[in-house]
Structures are given as structure tokens and as C-alpha cells.
file data_2.cif (mmCIF, C-alpha atoms)
data_protein
#
loop_
_atom_site.label_atom_id
_atom_site.label_comp_id
_atom_site.auth_asym_id
_atom_site.auth_seq_id
_atom_site.Cartn_x
_atom_site.Cartn_y
_atom_site.Cartn_z
CA MET A 28 -28.78 33.89 50.88
CA LYS A 29 -27.43 35.55 47.75
CA THR A 30 -29.44 38.14 45.84
CA ASN A 31 -29.21 38.94 42.14
CA PHE A 32 -28.08 35.36 41.75
CA ILE A 33 -29.39 32.18 40.11
CA TYR A 34 -29.11 28.98 42.15
CA LYS A 35 -28.90 25.73 40.21
CA GLY A 36 -31.00 22.88 41.54
CA ASP A 37 -34.45 21.69 42.55
CA CYS A 38 -36.42 24.68 43.79
CA ILE A 39 -37.80 22.91 46.86
CA LYS A 40 -34.37 21.83 48.09
CA VAL A 41 -32.75 25.18 47.26
CA MET A 42 -35.44 27.08 49.15
CA GLN A 43 -35.02 24.75 52.12
CA ASP A 44 -31.22 25.10 52.12
CA LYS A 45 -30.67 28.70 51.02
CA ILE A 46 -33.72 30.92 51.60
CA ALA A 47 -34.46 32.21 55.09
CA ASN A 48 -37.88 32.33 56.72
CA LYS A 49 -39.91 35.46 55.91
CA SER A 50 -37.13 36.97 53.79
CA ILE A 51 -38.91 37.37 50.43
CA HIS A 52 -41.31 40.15 49.46
CA ILE A 53 -42.72 38.65 46.25
CA VAL A 54 -42.67 35.20 44.65
CA PHE A 55 -43.27 35.14 40.90
CA ALA A 56 -43.49 31.58 39.63
CA ASP A 57 -44.01 30.06 36.20
CA PRO A 58 -44.01 26.36 37.14
CA PRO A 59 -44.37 23.36 34.86
CA TYR A 60 -47.99 23.05 33.69
CA ASN A 61 -47.70 19.24 33.27
CA LEU A 62 -48.72 19.55 29.63
CA SER A 63 -46.00 17.61 27.84
CA GLY A 64 -46.78 14.50 25.88
CA LYS A 65 -47.77 14.27 22.23
CA ASN A 66 -45.52 16.24 19.89
CA LEU A 67 -47.26 18.91 17.83
CA SER A 68 -45.62 21.45 15.56
CA ASN A 69 -46.32 24.03 12.87
CA PRO A 70 -42.99 25.61 11.86
CA LYS A 71 -44.60 27.67 9.08
CA ASN A 72 -47.10 29.41 11.36
CA THR A 73 -47.21 33.16 10.67
CA THR A 74 -49.16 34.17 13.78
CA GLY A 75 -46.68 34.65 16.61
CA GLY A 76 -43.93 32.72 14.83
CA ALA A 77 -43.26 28.99 14.50
CA PHE A 78 -45.40 26.87 16.83
CA TYR A 79 -44.08 23.84 18.76
CA LYS A 80 -46.07 22.25 21.56
CA VAL A 81 -44.23 22.14 24.89
CA ASN A 82 -42.79 18.64 25.07
CA GLU A 83 -40.11 18.64 27.77
CA ASP A 84 -39.08 16.13 30.42
CA TRP A 85 -39.30 18.79 33.14
CA ASP A 86 -42.98 19.33 32.27
CA SER A 87 -44.13 15.72 32.59
CA PHE A 88 -45.47 14.26 35.86
CA LYS A 89 -47.87 11.60 37.03
CA LEU A 90 -50.92 13.40 38.45
CA SER A 91 -50.24 12.36 42.06
CA ASP A 92 -46.58 13.41 41.75
CA TYR A 93 -47.57 16.74 40.23
CA GLU A 94 -50.01 17.47 43.06
CA LYS A 95 -47.34 16.62 45.66
CA PHE A 96 -44.72 18.71 43.85
CA THR A 97 -47.05 21.72 43.55
CA ASN A 98 -48.05 21.63 47.21
CA SER A 99 -44.40 21.26 48.29
CA TRP A 100 -42.98 24.22 46.36
CA ILE A 101 -45.94 26.42 47.33
CA ALA A 102 -45.41 25.42 50.99
CA GLU A 103 -41.76 26.50 50.77
CA SER A 104 -42.79 29.73 49.03
CA SER A 105 -45.20 30.46 51.86
CA ARG A 106 -42.47 29.85 54.44
CA VAL A 107 -40.01 32.26 52.83
CA LEU A 108 -42.59 34.99 52.15
CA LYS A 109 -42.83 37.92 54.52
CA SER A 110 -46.04 38.17 56.51
CA ASN A 111 -47.53 40.64 54.03
CA GLY A 112 -45.93 39.14 50.89
CA SER A 113 -47.53 38.23 47.58
CA ILE A 114 -47.19 35.25 45.27
CA PHE A 115 -48.00 35.14 41.55
CA ILE A 116 -48.34 31.77 39.84
CA CYS A 117 -48.75 31.33 36.09
CA ALA A 118 -51.21 28.60 35.11
CA SER A 119 -53.42 27.17 32.41
CA LEU A 120 -56.74 25.36 32.57
CA HIS A 121 -54.74 22.14 32.95
CA ASN A 122 -53.09 22.95 36.30
CA LEU A 123 -55.21 25.79 37.70
CA LYS A 124 -57.14 23.57 40.12
CA THR A 125 -53.91 22.10 41.48
CA VAL A 126 -52.40 25.55 42.00
CA LEU A 127 -55.53 26.84 43.76
CA LEU A 128 -55.61 23.82 46.08
CA GLY A 129 -51.92 24.26 46.89
CA LEU A 130 -52.50 27.89 47.83
CA GLU A 131 -55.50 27.02 50.00
CA LEU A 132 -53.65 24.23 51.81
CA ASN A 133 -50.84 26.66 52.63
CA ASN A 134 -53.09 29.47 53.92
CA LEU A 135 -52.41 31.83 51.02
CA GLU A 136 -55.45 33.88 50.09
CA VAL A 137 -56.27 34.36 46.41
CA LYS A 138 -57.03 37.99 45.57
CA ASN A 139 -57.30 37.82 41.78
CA ILE A 140 -57.09 35.32 38.96
CA ILE A 141 -55.70 37.51 36.19
CA ILE A 142 -56.38 36.47 32.62
CA TRP A 143 -53.53 36.91 30.16
CA GLN A 144 -55.37 37.33 26.86
CA LYS A 145 -52.89 36.58 24.10
CA ALA A 146 -53.03 39.11 21.29
CA ASN A 147 -51.40 36.56 18.96
CA PRO A 148 -52.46 33.09 20.17
CA MET A 149 -50.99 29.91 18.78
CA PRO A 150 -53.03 28.28 16.00
CA ASN A 151 -55.82 25.78 16.55
CA GLN A 152 -54.24 22.54 15.34
CA THR A 153 -57.06 20.11 16.09
CA ARG A 154 -60.05 22.19 14.97
CA ARG A 155 -62.11 20.26 17.51
CA LEU A 156 -62.34 22.96 20.20
CA PHE A 157 -62.19 26.73 20.66
CA THR A 158 -58.74 28.21 20.09
CA HIS A 159 -56.80 28.51 23.34
CA SER A 160 -55.96 32.21 23.62
CA HIS A 161 -55.34 32.84 27.31
CA GLU A 162 -53.50 31.75 30.43
CA TYR A 163 -53.93 32.68 34.10
CA ILE A 164 -51.80 34.46 36.66
CA VAL A 165 -53.07 33.68 40.16
CA TRP A 166 -52.29 36.39 42.72
CA ALA A 167 -52.44 35.38 46.38
CA VAL A 168 -51.24 37.01 49.61
CA LYS A 169 -49.85 35.90 52.94
CA GLY A 170 -51.44 37.44 56.01
CA LYS A 171 -52.74 41.00 56.17
CA GLY A 172 -51.43 44.38 55.09
CA TRP A 173 -50.30 43.28 51.62
CA VAL A 174 -48.90 45.91 49.28
CA PHE A 175 -51.00 47.10 46.34
CA ASN A 176 -49.72 50.15 44.48
CA ALA A 177 -52.95 51.22 42.82
CA GLU A 178 -51.74 54.64 41.67
CA LYS A 179 -48.51 53.31 40.16
CA LEU A 180 -50.53 50.65 38.38
CA LYS A 181 -52.80 53.30 36.91
CA LYS A 182 -49.80 55.06 35.40
CA ILE A 183 -48.74 52.01 33.39
CA ASN A 184 -52.27 50.98 32.40
CA PRO A 185 -52.58 51.32 28.60
CA ASP A 186 -56.37 51.66 28.96
CA LYS A 187 -57.70 55.13 29.77
CA GLN A 188 -61.04 56.65 30.70
CA LYS A 189 -63.08 58.23 27.87
CA ASP A 190 -61.72 61.65 28.84
CA GLY A 191 -58.12 60.34 28.74
CA SER A 192 -57.66 60.21 32.52
CA LEU A 193 -55.98 57.32 34.30
CA LYS A 194 -57.94 54.15 34.88
CA MET A 195 -57.57 51.32 37.38
CA MET A 196 -56.12 48.23 35.71
CA GLN A 197 -58.53 45.35 35.25
CA ASP A 198 -57.84 41.64 35.68
CA VAL A 199 -57.66 40.93 31.94
CA TRP A 200 -54.30 41.79 30.39
CA LYS A 201 -54.06 41.71 26.60
CA LEU A 202 -50.42 41.07 25.72
CA PRO A 203 -48.75 39.30 22.78
CA VAL A 204 -46.88 36.03 23.07
CA VAL A 205 -43.16 36.82 23.29
CA GLN A 206 -41.62 37.34 19.88
CA GLY A 207 -39.09 39.57 18.09
CA LYS A 208 -35.97 40.70 19.95
CA GLU A 209 -37.40 39.75 23.33
CA ARG A 210 -37.69 36.06 22.39
CA LEU A 211 -34.54 34.06 23.14
CA LYS A 212 -33.72 31.58 20.37
CA ASN A 213 -31.44 28.64 19.75
CA LYS A 214 -29.08 28.56 16.80
CA ASP A 215 -31.73 26.73 14.75
CA GLY A 216 -34.14 29.65 15.23
CA ARG A 217 -36.51 27.82 17.57
CA ALA A 218 -37.42 29.32 20.93
CA LEU A 219 -34.73 28.62 23.52
CA HIS A 220 -37.31 28.33 26.28
CA PRO A 221 -40.79 27.15 25.22
CA THR A 222 -42.71 29.04 27.92
CA GLN A 223 -40.88 32.38 28.05
CA LYS A 224 -43.25 34.99 29.49
CA PRO A 225 -43.51 38.64 28.34
CA GLU A 226 -41.53 41.14 30.38
CA GLU A 227 -44.62 43.37 30.52
CA LEU A 228 -46.61 40.63 32.27
CA VAL A 229 -44.05 40.34 35.08
CA ARG A 230 -43.66 44.12 35.22
CA ARG A 231 -47.35 44.67 35.95
CA ALA A 232 -47.27 42.14 38.79
CA LEU A 233 -44.22 43.73 40.42
CA VAL A 234 -45.35 47.34 39.94
CA ALA A 235 -48.63 46.38 41.62
CA THR A 236 -47.22 44.67 44.70
CA ALA A 237 -43.54 45.50 45.25
CA LYS A 238 -41.29 48.44 46.10
CA LYS A 239 -37.74 49.44 45.19
CA GLY A 240 -35.21 47.38 47.10
CA ASN A 241 -37.60 44.44 47.59
CA ILE A 242 -36.42 40.86 47.00
CA ILE A 243 -38.26 38.93 44.29
CA LEU A 244 -37.95 35.13 44.23
CA ASP A 245 -38.54 33.12 41.05
CA PRO A 246 -38.35 29.35 41.78
CA PHE A 247 -38.44 28.54 38.03
CA ILE A 248 -36.51 31.46 36.54
CA GLY A 249 -35.97 29.83 33.14
CA SER A 250 -34.88 32.47 30.63
CA GLY A 251 -34.41 35.11 33.35
CA THR A 252 -37.41 37.37 32.70
CA THR A 253 -38.20 37.95 36.38
CA GLY A 254 -34.61 39.00 37.06
CA ILE A 255 -34.62 41.38 34.09
CA VAL A 256 -37.83 43.08 35.22
CA ALA A 257 -36.87 43.19 38.91
CA LYS A 258 -33.58 44.93 38.15
CA SER A 259 -35.25 47.40 35.78
CA LEU A 260 -37.55 48.43 38.65
CA GLY A 261 -34.75 48.86 41.20
CA MET A 262 -35.51 45.55 42.94
CA ASN A 263 -33.38 42.48 43.71
CA TYR A 264 -34.02 38.95 42.54
CA ILE A 265 -33.22 35.39 43.51
CA GLY A 266 -33.64 32.79 40.79
CA ILE A 267 -33.70 29.01 40.92
CA GLU A 268 -33.36 26.79 37.86
CA LYS A 269 -32.46 23.13 37.20
CA ASN A 270 -31.59 23.37 33.51
CA GLU A 271 -28.01 24.43 32.77
CA LYS A 272 -28.89 25.67 29.27
CA TYR A 273 -31.52 28.02 30.67
CA ILE A 274 -29.17 29.26 33.40
CA THR A 275 -26.47 30.08 30.85
CA ALA A 276 -28.96 31.95 28.66
CA ALA A 277 -30.48 33.81 31.62
CA LYS A 278 -27.08 34.92 32.93
CA LYS A 279 -26.05 36.15 29.48
CA ARG A 280 -29.33 38.02 29.14
CA LEU A 281 -29.00 39.61 32.58
CA GLN A 282 -25.42 40.66 31.97
CA SER A 283 -26.15 42.23 28.59
CA LYS A 284 -29.39 44.00 29.50
CA SER A 285 -29.36 47.76 29.97
CA TYR A 286 -31.63 48.41 32.93
CA MET A 287 -34.03 51.33 32.71
CA SER A 288 -35.61 52.56 35.92
CA HIS A 289 -39.43 52.75 35.91
CA ASN A 290 -41.31 55.02 38.28
#

call {"tool": "encode", "arguments": {"input": "data_2.cif", "output": "C-alpha cells"}}
result
Amino acid sequence: MKTNFIYKGDCIKVMQDKIANKSIHIVFADPPYNLSGKNLSNPKNTTGGAFYKVNEDWDSFKLSDYEKFTNSWIAESSRVLKSNGSIFICASLHNLKTVLLGLELNNLEVKNIIIWQKANPMPNQTRRLFTHSHEYIVWAVKGKGWVFNAEKLKKINPDKQKDGSLKMMQDVWKLPVVQGKERLKNKDGRALHPTQKPEELVRRALVATAKKGNIILDPFIGSGTTGIVAKSLGMNYIGIEKNEKYITAAKKRLQSKSYMSHN
């Protein structure tokens, strides 16, 4: 089992072949949401940059296949997690029920459903429903005695009490969609990875539940955000990714990043 390394392949098979039982402290996963289908774009959007609906082969499943896939990778995540480990799963309204069922079937107890409120949501193209401006991060634990670093979390909470004192972080996180220098782009200027998550989102999850030296597993590491954040916090990562283009970009990003230690 290599750490600070990205394995290429299907996450279920790689976990079965490469990751030992009860060897992982935290799983942070941003799986396919099964949203792909109709193409939708607005390249001239000025809120959060050009908008292109996710429309990728890796994000398209039949419902029964998606349910089986979700349960299978969560089952493997549960196997490799330590007895007091945590798992974070990114989700939307489209796959939340499937994620929650997968966690329940694998005896992982949900502690919070965090709402990522997007400070710069994508535009409402249809004008036939409320603008989608949030996603979810489901936090669940395995067994008892899970880690929760409440005081460390207070220190990075941007919200303060009225008197300026530290405040416990709530389960609604207002963060912008990734843009600017943090957003990886192709040569044509479009986002290299359509679902790249903010580093600050991953950072809050790891500060809350992990310690220096812990091993963080990301079964869908994509553009490498989990690895970037883990290393910046003095932790180790294991990534898994099927797409060669994403692996190349993630490795380049990890090699070029200057890691700053956070307390």
C-alpha cells in the first residue's frame, strides 16, 4: 500500500487489491453524481466563470447500476477504514438518497449532512425552478470513538461570536465555486475537471476529523485537491483515479504546490 501516491484504475478493484483492512483514517470522496445527459452551456456567464453542465461518460449510469456501484465502493471504504474512522461523501439532491442508503447498508453512522452554500452559484438556465446554489457533504463514522477536533475547527471558523470570540462551526459552509488560480483549466480555458472542489471545503473536513500523520483516502481524486490539502496539513494521502488526463494534472499540481503547514 503506497502513500502519497495516485493509483490508476477502478476504485473498487484498487481498494480490494491494494488497500489493507482498517488502514485508513479518513475517506474523502467526491463520486459521480449520475447527472450527465443533456448538454447545457453558457460560456459568457460572468458569475463564477463560464458555465458548462457536467456531461461526462464517467458520470452516466443506469439507476440500478449506480445504486450497485455506490453500495460497492462504500462497502470497500468501510472495510479499509479504521474502527473509529470517518468518511465524507460529496452529493447533490440527485444522488443523496443513494449515498445515505449505501452508508446505512454498510453500518456507517451519519453524524452531519453539511450544506455547501455556493457564494457564486451557476446561473439558472431553465427559469422553471429555484436556482441550485448548494451541494451536500455527508459525514459518517465507523464504530465509536471517532475523532472530532472541535477546538481546531473553531480556530479556522470565519464566523465569530458578537464579542469576537471563537465560535463552533455550523453545518452550513458558505464557499465560492472554484475559480481563479485554484481552478485547473485546459488550453481552451475551460475547466479541466468539471467538479473540482474548493480546497477550503476539504480542509475543514480534515481539520475536523484527522490528525497529522493520518492517511486520507480519496477514491475519486480527480484534480488532486484531497492530496493537496492532506499534505498541507501534515497528513498522507492515497488517491485513486481512472482518467489519465486527471491523473497527469493532479500529479503536476501536487509536485508544483508549496505546502504550508496549518495548525

call {"tool": "residues_around", "arguments": {"input": "data_2.cif", "residues": "range 131-142 of chain A", "least_positions_apart": "5", "cutoff": "8 Å", "atoms": "only C-alpha atoms", "output": "PyMOL selection string"}}
result
chain A and resi 98+101-102+105+161-170+198-200

call {"tool": "closest_residue", "arguments": {"input": "data_2.cif", "among": "A:Lys201, A:His52, A:Lys35, A:Lys95", "to": "Tyr264 in chain A", "atoms": "all atoms listed in the file"}}
result
A:His52

call {"tool": "resolve_selection", "arguments": {"input": "data_2.cif", "expression": "the PyMOL selection byres ((chain A and resi 172-177) around 6)", "output": "MDAnalysis selection string"}}
result
chainID A and resid 111 171 178:180 235:236

call {"tool": "resolve_selection", "arguments": {"input": "data_2.cif", "expression": "the PyMOL selection byres ((chain A and resi 275) around 12)", "output": "list in words"}}
result
Ile33, Tyr34, Lys35, Leu211, Leu219, His220, Ile248, Gly249, Ser250, Gly251, Glu268, Lys269, Asn270, Glu271, Lys272, Tyr273, Ile274, Ala276, Ala277, Lys278, Lys279, Arg280, Leu281 and Gln282 of chain A

call {"tool": "closest_residue", "arguments": {"input": "data_2.cif", "among": "A:Asn48, A:Ser283, A:Asn241, A:Ser192", "to": "Leu108 in chain A", "atoms": "all atoms listed in the file"}}
result
A:Asn48

call {"tool": "residues_around", "arguments": {"input": "data_2.cif", "residues": "Cys38 in chain A", "least_positions_apart": "5", "cutoff": "10 Å", "atoms": "only C-alpha atoms", "output": "NGL selection string"}}
result
:A and (43-44 or 99-100 or 103-104 or 245-248 or 266-269)

call {"tool": "atom_distance", "arguments": {"input": "data_2.cif", "atom1": "CA of Lys45 in chain A", "atom2": "CA of Gly261 in chain A"}}
result
22.8 Å

call {"tool": "residues_around", "arguments": {"input": "data_2.cif", "residues": "Lys89 in chain A", "least_positions_apart": "4", "cutoff": "9 Å", "atoms": "only C-alpha atoms", "output": "list in words"}}
result
Asn61, Tyr93 and Glu94 of chain A

call {"tool": "closest_residue", "arguments": {"input": "data_2.cif", "among": "A:Pro148, A:Pro59, A:Gly191, A:Gly240", "to": "Val204 in chain A", "atoms": "all atoms listed in the file"}}
result
A:Pro148
